[in-house]
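Chemist: The structure is given below, and queries will be raised subsequently.
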Amino acid sequence: MPEHPPNRRLSRPLPDVAIRSASPAGVRYAELHCRSNFSFLSAASHPDELVARAIELGHVALAITDQNSVAGIVRAHVAAKDLGFKLLIGAEITPHDSPPVVLWSMNRAGYGRLCRLITRGRRNAPKGQCRLALSDVLEHAEGLLAGLVLREAGTLLAQSAGLLRDAFGDRTYLLAELHRGGDDARQLQHWINESRQHSIPLVAANDVQYHVAERQRLHDVLAAIRHGCTIEELGQRRWPNAERHLKSPIEMAALFAMCPDAITRMAEI
């Protein structure tokens, strides 16, 4: 029997939340890197939970960027439309020869190219997997913005940054993500230097994988299933804290106090 299209009758009741244009302190922020539970065994919140929480926190918009997928966009769109909230459409692409790249569609044509890119990756790999090279991403650049996720420094990052800048031009960004680790200040300064070196703007994000910190326990269970082990056996594959939840604009501004432009630049995207 065919599935019914998602609608309010088939979805969980949406919470009674009010749209706010900014946080009480006047900080404008939109989370640009956010996975839903449609990133199978990788994230722990439903798309509508993420939308509702972003509204409660005072975000001006939210990007749903599931891993090599746009599957969570439909339910996020239903929730955002019913609540009158701005939703950005994108995906986190994981090329085998580059750090992850978050892509955001600028228009309908860009959304079509993003879908074709993901389809290519799915066809290149066994069911449930996705295999893409950075060259595939560059080929589909038109109508998309790109954010290179900053994690490990090195030759691979430098090469990817240069190629993305050549293909995407001024639609290229570096995504900086801090999770209250012991060396956040040093790490942020390093990323600021990387941004200057490659002449690519730095933008703040949070690699969100659940809407509230309490959902980390479920995330640990999903990670254990994904790796085929117990939670205790996860070791370093388990996040050291619960900071990958949606944060308020004020919290994000505090994390990036050394580089406030990384917050304000979000408006470009």
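Residues are referred to by chain and number: the chain letter is A, B, ... according to the order shown in the structure tokens, the number counts from 1 in that chain, and ligands are numbered separately from 1 in the order shown.
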Once you count only C-alpha atoms, what closest atom pair and distance in Å to one decimal does each residue of region 31-136 of chain A within 6 Å of region 210-220 of chain A have, with rows by chain and rising residue number, as CSV?
Modeler:
```
residue,atom,partner,partner_atom,distance
A:Ala44,CA,A:Tyr210,CA,5.1
A:Ser45,CA,A:Tyr210,CA,4.9
A:Leu50,CA,A:His211,CA,5.2
```
Chemist: Measuring atom to atom with only C-alpha atoms, identify which of A:Val137, A:Cys229, A:Asn107, A:Phe256 is nearest to Leu178 (chain A).
Modeler: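 Of A:Val137, A:Cys229, A:Asn107, A:Phe256, the one nearest Leu178 (chain A) is A:Phe256, counting only C-alpha atoms.
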Chemist: Write out as a PyMOL selection string the residues lying within 7 Å of region 69-84 of chain A, counting only C-alpha atoms and excluding same-chain residues fewer than 4 positions away.
Modeler: chain A and resi 6-7+36+38+47-48+51+64+89-91+118
Chemist: What residues in region 15-112 of chain A get the DSSP label strand (DSSP E or B)? Please answer as a list in words.
Modeler: Glu31, Cys34, Leu62, Ala63, Ile64, Thr65, Asp66, Gln67, Leu87, Leu88, Ile89, Gly90, Ala91, Glu92, Ile93, Val101, Val102, Leu103, Trp104 and Ser105 of chain A
Chemist: Which of these, A:Pro95, A:Arg28, A:Glu142, A:Asn124, has the shortest distance to Arg108 (chain A) once you count only C-alpha atoms?
Modeler: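 Using only C-alpha atoms, Arg108 (chain A) sits closest to A:Glu142.
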Chemist: Considering only C-alpha atoms, return as a PyMOL selection string whatever protein or nucleic-acid residues lie within 7 Å of Arg35 (chain A), sequence-local ones (same chain, fewer than 2 positions apart) excluded.
Modeler: chain A and resi 33+37+39+43+64-67+208-209
Chemist: Create the file for the chosen residues now, containing all heavy atoms and written as a compact mmCIF listing (two decimals), in the first residue's frame.
Modeler:
```txt
# COMPACT_ATOMS: atom_id res chain seq x y z
N HIS A 33 24.13 23.65 10.41
CA HIS A 33 24.63 22.27 10.29
C HIS A 33 23.89 21.41 11.30
O HIS A 33 24.26 21.36 12.47
CB HIS A 33 26.15 22.24 10.54
CG HIS A 33 26.78 20.92 10.23
ND1 HIS A 33 28.06 20.61 10.64
CD2 HIS A 33 26.32 19.82 9.56
CE1 HIS A 33 28.36 19.38 10.23
NE2 HIS A 33 27.32 18.88 9.58
N ASN A 37 17.01 12.57 12.66
CA ASN A 37 17.12 11.11 12.76
C ASN A 37 16.97 10.42 11.40
O ASN A 37 17.02 9.19 11.33
CB ASN A 37 16.10 10.54 13.77
CG ASN A 37 14.67 10.89 13.42
OD1 ASN A 37 14.39 11.57 12.44
ND2 ASN A 37 13.74 10.44 14.25
N SER A 39 19.27 10.89 9.33
CA SER A 39 20.66 10.45 9.19
C SER A 39 20.76 9.19 10.03
O SER A 39 21.04 9.22 11.23
CB SER A 39 21.63 11.52 9.70
OG SER A 39 21.60 12.67 8.88
N ALA A 43 21.89 10.53 14.27
CA ALA A 43 21.32 11.66 14.98
C ALA A 43 20.05 11.20 15.70
O ALA A 43 19.46 10.19 15.32
CB ALA A 43 21.02 12.81 14.04
N ILE A 64 18.32 22.04 7.83
CA ILE A 64 18.38 20.59 8.05
C ILE A 64 19.36 20.04 7.01
O ILE A 64 19.14 20.16 5.80
CB ILE A 64 17.00 19.93 7.89
CG1 ILE A 64 16.05 20.44 8.97
CG2 ILE A 64 17.12 18.41 7.95
CD1 ILE A 64 16.43 20.05 10.39
N THR A 65 20.45 19.44 7.49
CA THR A 65 21.52 18.99 6.61
C THR A 65 21.87 17.54 6.95
O THR A 65 22.93 17.26 7.51
CB THR A 65 22.77 19.89 6.77
OG1 THR A 65 23.16 19.92 8.16
CG2 THR A 65 22.48 21.31 6.30
N ASP A 66 20.97 16.64 6.61
CA ASP A 66 21.22 15.23 6.90
C ASP A 66 22.40 14.71 6.09
O ASP A 66 22.75 15.26 5.03
CB ASP A 66 19.97 14.40 6.61
CG ASP A 66 18.96 14.51 7.74
OD1 ASP A 66 19.36 14.34 8.91
OD2 ASP A 66 17.77 14.78 7.47
N GLN A 67 23.00 13.64 6.58
CA GLN A 67 24.23 13.12 5.97
C GLN A 67 23.91 12.40 4.66
O GLN A 67 23.23 11.37 4.64
CB GLN A 67 24.93 12.18 6.94
CG GLN A 67 26.35 11.83 6.54
CD GLN A 67 27.06 11.05 7.63
OE1 GLN A 67 26.72 9.90 7.91
NE2 GLN A 67 28.03 11.67 8.27
N VAL A 208 24.87 19.94 14.99
CA VAL A 208 23.77 19.50 15.85
C VAL A 208 23.31 18.09 15.48
O VAL A 208 23.10 17.78 14.31
CB VAL A 208 22.59 20.49 15.75
CG1 VAL A 208 21.34 19.93 16.42
CG2 VAL A 208 22.98 21.82 16.38
N GLN A 209 23.14 17.25 16.51
CA GLN A 209 22.68 15.88 16.29
C GLN A 209 21.49 15.51 17.17
O GLN A 209 20.99 14.39 17.09
CB GLN A 209 23.84 14.91 16.49
CG GLN A 209 24.97 15.21 15.50
CD GLN A 209 26.07 14.19 15.51
OE1 GLN A 209 25.87 13.04 15.86
NE2 GLN A 209 27.26 14.61 15.12
```
Chemist: In region 144-260 of chain A, what's helix (DSSP H, G or I) per DSSP? Answer as a PyMOL selection string?
Modeler: chain A and resi 155-171+184-198+213-227+235-237+249-255
Chemist: Would you work out the distance separating CA of Leu145 (chain A) from CA of Arg171 (chain A), expressed in Å to one decimal?
Modeler: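 Between these atoms lies a distance of 4.9 Å.
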Chemist: Quick one: residues within 10 Å of Asn241 (chain A), only C-alpha atoms counted, chain neighbours fewer than 3 positions away excluded, as a PyMOL selection string?
Modeler: chain A and resi 179-181+213+216+238+244
Chemist: In terms of the shortest atom-to-atom distance over only C-alpha atoms, which of A:Ala161, A:Leu88, A:Leu222, A:Ala257 is closest to Gln197 (chain A)?
Modeler: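 Among A:Ala161, A:Leu88, A:Leu222, A:Ala257, it is A:Ala161 that comes nearest to Gln197 (chain A).
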Chemist: What's the 9 Å shell around Leu138 (chain A), counting only C-alpha atoms, without same-chain residues fewer than 2 positions away, as a count of residues only?
Modeler: 11
Chemist: May I ask for the distance between CA of Ser248 (chain A) and CA of Leu57 (chain A), given in Å to one decimal place?
Modeler: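 Interatomic distance, CA of Ser248 (chain A) to CA of Leu57 (chain A): 5.1 Å.
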Chemist: Which residue, A:Thr119, A:Leu202, A:Gly235, A:Thr230, has the smallest gap to Gln189 (chain A) when you use only C-alpha atoms?
Modeler: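 The closest residue to Gln189 (chain A) is A:Leu202.
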Chemist: Any idea what's packed within 9 Å of Asp97 (chain A), counting only C-alpha atoms, ignoring anything in its chain fewer than 3 positions away? Could you give it as a PyMOL selection string?
Modeler: chain A and resi 94+132-134+156+160
Chemist: Just write the chosen residues, all heavy atoms, as a CSV table (one decimal), in the first residue's frame.
Modeler:
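Written file, part-v3.csv:
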```csv
chain,number,residue,atom,x,y,z
A,94,THR,N,29.8,13.7,2.3
A,94,THR,CA,31.0,13.2,2.9
A,94,THR,C,31.9,12.5,1.8
A,94,THR,O,31.9,11.3,1.6
A,94,THR,CB,30.7,12.1,4.0
A,94,THR,OG1,29.9,11.1,3.4
A,94,THR,CG2,30.0,12.8,5.2
A,132,LEU,N,31.1,9.4,-2.9
A,132,LEU,CA,31.3,10.5,-3.7
A,132,LEU,C,32.7,11.0,-3.6
A,132,LEU,O,33.3,10.8,-2.5
A,132,LEU,CB,30.3,11.7,-3.3
A,132,LEU,CG,28.9,11.5,-3.7
A,132,LEU,CD1,28.0,12.5,-3.0
A,132,LEU,CD2,28.6,11.6,-5.2
A,133,ALA,N,33.2,11.6,-4.6
A,133,ALA,CA,34.5,12.3,-4.6
A,133,ALA,C,34.3,13.8,-4.5
A,133,ALA,O,33.2,14.3,-4.9
A,133,ALA,CB,35.4,11.9,-5.8
A,134,LEU,N,35.3,14.6,-4.1
A,134,LEU,CA,35.1,16.0,-4.1
A,134,LEU,C,34.8,16.5,-5.5
A,134,LEU,O,34.1,17.5,-5.7
A,134,LEU,CB,36.4,16.7,-3.6
A,134,LEU,CG,36.3,18.2,-3.4
A,134,LEU,CD1,35.2,18.6,-2.5
A,134,LEU,CD2,37.7,18.7,-2.9
A,156,LEU,N,45.0,17.8,3.1
A,156,LEU,CA,43.7,17.4,2.6
A,156,LEU,C,42.8,18.6,2.7
A,156,LEU,O,42.0,19.0,1.8
A,156,LEU,CB,43.2,16.2,3.2
A,156,LEU,CG,41.9,15.6,2.6
A,156,LEU,CD1,42.2,15.1,1.2
A,156,LEU,CD2,41.4,14.4,3.4
A,160,SER,N,41.2,20.8,-0.4
A,160,SER,CA,39.8,20.9,-0.5
A,160,SER,C,39.3,22.3,-0.5
A,160,SER,O,38.4,22.7,-1.3
A,160,SER,CB,39.1,20.1,0.6
A,160,SER,OG,39.5,18.7,0.6
```
Chemist: To one decimal in Å, tell me the separation between CA of Pro260 (chain A) and CA of Tyr29 (chain A).
Modeler: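 A separation of 11.4 Å between them.
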Chemist: Between A:Phe40, A:Tyr173, A:Tyr111, A:Trp191, which is the closest to Ile225 (chain A) once you count only C-alpha atoms?
Modeler: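 For Ile225 (chain A), the nearest of the given residues is A:Phe40.
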Chemist: Have a look at A:Cys34, A:Leu175, A:Ala52, A:Cys130 and name the one nearest to Pro201 (chain A); count only C-alpha atoms.
Modeler: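 For Pro201 (chain A), the nearest of the given residues is A:Leu175.
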